[in-house]
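**Student:** Below is one structure. I have some questions about it.
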Amino acid sequence: MAGGGGRNLAELSLDEFLAAGSESEPDGAWEEEVEAEARPGKGAAAERRLNEKARPAPRKKGKASEHKDQLSRLKDRDPEFYKFLEENDRALLDFDASDSSDEEEERVHVPPDKLEVASDEEDEDDEQQAKVKQKRASFIPVSLKMVEEWKRAAERNLTPKLFHAITQAFKAAVATTKGDDGGADPSKFQVTDAAVFNALVSFCIRDLFHYLQKLLFPKPPKNKHKLILPSTSPLWSKLRLDVKVYLGCSIQLLSCLTEASVGAAVLQHVNSIVPYFLSFPKQCRALLKQAINLWSTGEETVRVLAFLVLNKICRYKKELYLSPLLKQMYIAFVKNSRFTSPNVLPMINFMQRTLTEMYALDTRTSYQHAFIYIRQLAIHLRSAMTIRKKENFQSVYNWQYIHCLYFWCRVLSTIYPSEVMEPLIYPLTQVIIGCIKLVPTSRFYPLRMHCIRALTLLSENTRTFIPVLPFILEVFQQVDFNKKPGRISAKPINFAVILKLSNANLQEKVYRDGLIDQLYDLMLEYLHCQAYSIGFPELVLPTIIQLKSFLKECKIANYCKPIRQLLEKLQENSAYISNRRQKAAFGVASREAVEQWEKEVKEEGTPLTKYYSQWKKLREKEIQLEISGKERLEDLNFPEIKRKKQNESKEEDKKEFKDLFELDSDSDEENAGFPIKGKGKAKQASDDSSEASSKGYGEDDDEEEGRYEIEEDEEGLEDDSDSDEEGREGACVPQGSQQRSRTGGMSRADLELLAQGDEDVVEDLAFSDDD
């Protein structure tokens with residue numbers, strides 16, 4: 001066997017030698033195999049099985065390990081050649097067999113414990129990008145010539161194929177507004193020129209759907225006011241997909257436009273194609289969402305057009321869209337009424353009026369919403385009344401809460417008479433009255449006046465008696481109008497855009513001036529709607545008594561003049577109603593006769609209603625003049641009044657007036673004979689108000705009140721040239737005037753006679769000479 005297949009080693013090459021060495025085995029192993037084959041079959045088989053069980057299975061060597069064994073055997077068989085390899089190719093001999101064998105074993109795939117699912121997103125993205133690149137190369141650029149050809153062709157005869165091409169071009173134009181690079185379904189056209197964009201969009205907005213309407217309905221409908229859905233046309237199936245694409249692009253265009261004039265033009269177009277939106281519920285919902293956003297945040301013209309779109313959709317699809325639309329519009333109204341300023345107030349009033357029109361479309365749906373939201377307002381008020389913490393007060397005393405109260409008063413007033421909504425009048429009235437009584441301090445008089453106006457609106461339009469006058473007359477009892485103002489402010493207080501006054505505002509003269517005007521307006525607005533009532537004399541009797549008491553105590557002519565004028569009109573109207581009802585032949589129990597009598601008196605007019613109509617015209621003119629002169633007033637540079645600090649003012653005054661105090665030794669005695677009129681009452685009132693505010697909400701630091709008292713003392717030390725203020729108050733005479741009176745030789749008795757003289761006529765001065 002060896003002789004047949006063997007060759008001399010000298011005749012073998014290196015590769016043949018290495019290959020022959022890997023195939024050969026040790027001699028001992030070969031002899032064992034020959035002996036095993038010579039044994040009987042059964043015994044040999046059993047012995048082999050025992051040997052296999054006793055010996056562990058040898059690990060199969062890798063090719064690298066076998067190669068290293070061959071090299072090691074080569075060192076014994078051919079030392080010269082091995083030495084040659086060491087000198088010339090050392091890297092062939094020095095390598096790690098274990099690493100190589102591991103690498104070879106690692107080539108065999110071993111599945112992991114957890115298999116990861118391959119995502120198709122990357123493949124899809126790659127495919128989409130490849131499609132976009134491929135289609136970009138095939139885009140057809142739109143030119144002005146193409147747009148003109150489309151115009152002429154559509155004017156002659158619009159076909160479904162032509163409408164499809166125009167729709168695709170419009171889609172490409174709209175895609176440029178957001179930088180869209182094609183999307184999942186890009187258009188086959190491409191618009192890159194601004195002139196082409198304007199021409200194409202203008203053509204689509206102005207003329208395209210006019211031609212489409214002729215294509216769908218060649219004969220004009222008999223009833224033009226009746227809504228005809230385009231889906232009833234036999235050609236609708238051919239145009240449906242293109243119309244759907246066009247409507248979606250129109251909504252996208254609305255969301256991208258920033259120019260108010262362009263947005264108004266698109267909204268007018270959308271309003272004209274509302275029947276097409278009604279055929280696609282998904283596009284219609286998207287349009288409603290975008291229109292609500294424009295209605296609550298857009299420019300004035302855009303707001304109006306957006307409301308027209310909302311109103312038109314809800315009138316035709318009331319049962320489908322009205323309820324969710326009312327909810328979203330109310331939330332948008334509340335969200336955008338958080339802050340109020342002279343510029344924002346007209347927009348808030350616009351949202352109130354237009355949202356009221358939406359609620360008037362269906363009273364049963366409106367009742368469900370009104371009940372929920374009025375109850376929500378009542379829950380906030382109840383938590384504020386029971387817990388009485390700052391956070392709970394803030395949840396009620398804010399602009400959103402007040403605007404919501406006024407809004408629901410407007411809704412109930414507009415929908416009246418309605419048996420469905422009428423039960424909500426009483427709970428809403430109780431919520432507003434509770435809001436007034438929550439923190440009844442002078443700092444929240446502006447908020448009280450907003451609530452009074454809401455109650456007046458509700459009472460006037462629902463013909464429901466609401467006791468509003470006590471909340472107005474209470475102000476006359478709480479405020480001391482004779483008190484000398486501690487600060488002078490050039491800018492009047494706008495009660496329409498504030499809810500709370502600071503302690504500094506309470507000391508200003510403009511605060512009392514504005515308060516008198518507000519009380520006069522509120523009483524006149526409320527009483528004029530009750531002027532024709534048969535019980536008017538009894539209704540105004542407490543008011544007449546309170547106003548007479550005020551005129552008796554108030555010493556300021558500018559405050560007494562409007563109140564006296566109002567008192568005279570109330571007495572005149574009361575006498576007129578008394579004379580008319582004396583001639584009545586029916587009794588008090590006859591309700592129908594009483595209503596008929598009041599209706600006749602209202603048509604004829606009463607002295608108070610005639611006076612109110614004249615006052616209303618003058619008031620509107622004053623508001624217009626105030627608005628027009630606002631910019632001029634802002635440009636004026638009024639001098640700033642700087643006050644000294646508390647500690648510094650006392651020390652400086654002592655040094656400055658040291659000589660004056662030494663010369664006038666009898667000043668203390670003279671001041672003792674002239675107590676400051678009303679100062680004790682004012683101080684007590686301020687203490688009471690500070691105590692009440694400390695218990696309630698909205699308390700400021702006491703430093704402002706203390707600073708005011710110091711300022712009042714400073715004014716007593718300084719030379720006061722406002723003689724009208726001094727004669728009106730009957731207060732202490734300043735030190736400078738006492739010094740002059742002493743040098744003039746006036747005795748103490750003459751001063752007493754002078755102080756008890758006639759009241760001076762007071763002029764309403766814009767500025768004081770105190771500073």
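Going by the structure tokens order, chains are called A, B, ..., each with residues numbered from 1, while ligands are numbered from 1 in the order shown.
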Mind the document's chain letters and residue numbers, and return as a PyMOL selection string the residues of stretch 428-630 of chain A that DSSP labels helix (DSSP H, G or I).

**Tutor:** chain A and resi 428-438+442-462+469-478+495-497+503-506+509-528+536-553+557-582+591-604+607-628+630

**Student:** Excluding A:Lys548 and its own-chain neighbours fewer than 2 positions away, which residues fall within 12 Å of it when counting only C-alpha atoms? Please give them as a VMD selection string.

**Tutor:** chain A and resid 473 476 541 to 546 550 to 554 560 563 to 568 570 to 571

**Student:** Please produce a file of those selected residues containing N, CA and C atoms, as a PDB file, in the first residue's frame.

**Tutor:**
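Written out: selection-v1.pdb:
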ATOM      1  N   LEU A 473     -75.632 102.036  44.641  1.00  0.00           N
ATOM      2  CA  LEU A 473     -75.748 103.000  45.740  1.00  0.00           C
ATOM      3  C   LEU A 473     -74.777 102.695  46.871  1.00  0.00           C
ATOM      4  N   PHE A 476     -71.671 104.976  46.983  1.00  0.00           N
ATOM      5  CA  PHE A 476     -71.797 106.306  47.583  1.00  0.00           C
ATOM      6  C   PHE A 476     -71.541 106.260  49.094  1.00  0.00           C
ATOM      7  N   LEU A 541     -87.448 105.237  44.835  1.00  0.00           N
ATOM      8  CA  LEU A 541     -87.513 105.967  46.102  1.00  0.00           C
ATOM      9  C   LEU A 541     -86.237 105.819  46.927  1.00  0.00           C
ATOM     10  N   PRO A 542     -85.680 104.606  47.129  1.00  0.00           N
ATOM     11  CA  PRO A 542     -84.400 104.517  47.864  1.00  0.00           C
ATOM     12  C   PRO A 542     -83.269 105.247  47.147  1.00  0.00           C
ATOM     13  N   THR A 543     -83.294 105.243  45.837  1.00  0.00           N
ATOM     14  CA  THR A 543     -82.251 105.949  45.085  1.00  0.00           C
ATOM     15  C   THR A 543     -82.340 107.446  45.292  1.00  0.00           C
ATOM     16  N   ILE A 544     -83.538 107.978  45.271  1.00  0.00           N
ATOM     17  CA  ILE A 544     -83.721 109.418  45.481  1.00  0.00           C
ATOM     18  C   ILE A 544     -83.243 109.824  46.873  1.00  0.00           C
ATOM     19  N   ILE A 545     -83.554 109.021  47.871  1.00  0.00           N
ATOM     20  CA  ILE A 545     -83.113 109.328  49.239  1.00  0.00           C
ATOM     21  C   ILE A 545     -81.595 109.305  49.333  1.00  0.00           C
ATOM     22  N   GLN A 546     -80.966 108.312  48.709  1.00  0.00           N
ATOM     23  CA  GLN A 546     -79.509 108.191  48.767  1.00  0.00           C
ATOM     24  C   GLN A 546     -78.830 109.339  48.029  1.00  0.00           C
ATOM     25  N   PHE A 550     -76.286 112.222  49.490  1.00  0.00           N
ATOM     26  CA  PHE A 550     -74.976 112.489  48.901  1.00  0.00           C
ATOM     27  C   PHE A 550     -74.799 113.978  48.602  1.00  0.00           C
ATOM     28  N   LEU A 551     -75.811 114.598  48.011  1.00  0.00           N
ATOM     29  CA  LEU A 551     -75.719 116.020  47.685  1.00  0.00           C
ATOM     30  C   LEU A 551     -75.593 116.873  48.938  1.00  0.00           C
ATOM     31  N   LYS A 552     -76.167 116.406  50.018  1.00  0.00           N
ATOM     32  CA  LYS A 552     -76.086 117.154  51.268  1.00  0.00           C
ATOM     33  C   LYS A 552     -74.688 117.087  51.863  1.00  0.00           C
ATOM     34  N   GLU A 553     -74.010 115.955  51.714  1.00  0.00           N
ATOM     35  CA  GLU A 553     -72.694 115.780  52.318  1.00  0.00           C
ATOM     36  C   GLU A 553     -71.553 116.218  51.393  1.00  0.00           C
ATOM     37  N   CYS A 554     -71.721 116.063  50.102  1.00  0.00           N
ATOM     38  CA  CYS A 554     -70.638 116.368  49.165  1.00  0.00           C
ATOM     39  C   CYS A 554     -70.468 117.874  49.016  1.00  0.00           C
ATOM     40  N   CYS A 560     -71.361 117.162  42.431  1.00  0.00           N
ATOM     41  CA  CYS A 560     -72.771 117.388  42.740  1.00  0.00           C
ATOM     42  C   CYS A 560     -73.593 117.691  41.492  1.00  0.00           C
ATOM     43  N   ILE A 563     -74.991 114.495  39.582  1.00  0.00           N
ATOM     44  CA  ILE A 563     -75.902 113.753  40.456  1.00  0.00           C
ATOM     45  C   ILE A 563     -77.189 114.541  40.660  1.00  0.00           C
ATOM     46  N   ARG A 564     -77.098 115.857  40.807  1.00  0.00           N
ATOM     47  CA  ARG A 564     -78.303 116.679  40.954  1.00  0.00           C
ATOM     48  C   ARG A 564     -79.153 116.642  39.691  1.00  0.00           C
ATOM     49  N   GLN A 565     -78.484 116.645  38.536  1.00  0.00           N
ATOM     50  CA  GLN A 565     -79.219 116.559  37.275  1.00  0.00           C
ATOM     51  C   GLN A 565     -79.950 115.230  37.154  1.00  0.00           C
ATOM     52  N   LEU A 566     -79.289 114.137  37.528  1.00  0.00           N
ATOM     53  CA  LEU A 566     -79.937 112.826  37.490  1.00  0.00           C
ATOM     54  C   LEU A 566     -81.097 112.757  38.466  1.00  0.00           C
ATOM     55  N   LEU A 567     -80.932 113.335  39.636  1.00  0.00           N
ATOM     56  CA  LEU A 567     -81.992 113.327  40.645  1.00  0.00           C
ATOM     57  C   LEU A 567     -83.232 114.051  40.131  1.00  0.00           C
ATOM     58  N   GLU A 568     -83.029 115.183  39.466  1.00  0.00           N
ATOM     59  CA  GLU A 568     -84.169 115.917  38.932  1.00  0.00           C
ATOM     60  C   GLU A 568     -84.920 115.096  37.883  1.00  0.00           C
ATOM     61  N   LEU A 570     -85.039 111.826  37.632  1.00  0.00           N
ATOM     62  CA  LEU A 570     -85.736 110.724  38.302  1.00  0.00           C
ATOM     63  C   LEU A 570     -87.028 111.214  38.949  1.00  0.00           C
ATOM     64  N   GLN A 571     -86.966 112.344  39.597  1.00  0.00           N
ATOM     65  CA  GLN A 571     -88.175 112.890  40.228  1.00  0.00           C
ATOM     66  C   GLN A 571     -89.216 113.271  39.178  1.00  0.00           C
TER      67      GLN A 571
END

**Student:** Can you list, as a list in words, all residues belonging to stretch 136-364 of chain A that DSSP tags as strand (DSSP E)?

**Tutor:**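 Here are the strand (DSSP E) residues of stretch 136-364 of chain A: Ile140, Pro141, Phe189 and Gln190 of chain A.
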
**Student:** Excluding same-chain residues fewer than 4 positions from A:Gln507, what lies within 6 Å of it counting only C-alpha atoms, as a list in words?

**Tutor:**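 Using only C-alpha atoms, the neighbours found are Pro485, Gly486 and Arg487 of chain A.
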
**Student:** Based on the selection just made, write N, CA, C and O atoms of those residues as a tab-separated table (two decimals), in the first residue's frame.

**Tutor:**
chain	number	residue	atom	x	y	z
A	485	PRO	N	-57.51	114.63	47.50
A	485	PRO	CA	-56.72	113.61	46.79
A	485	PRO	C	-55.26	113.68	47.20
A	485	PRO	O	-54.69	114.75	47.38
A	486	GLY	N	-54.66	112.51	47.33
A	486	GLY	CA	-53.26	112.46	47.73
A	486	GLY	C	-52.30	112.51	46.56
A	486	GLY	O	-51.13	112.82	46.74
A	487	ARG	N	-52.78	112.20	45.36
A	487	ARG	CA	-51.91	112.20	44.20
A	487	ARG	C	-52.63	112.88	43.04
A	487	ARG	O	-53.85	112.90	42.97
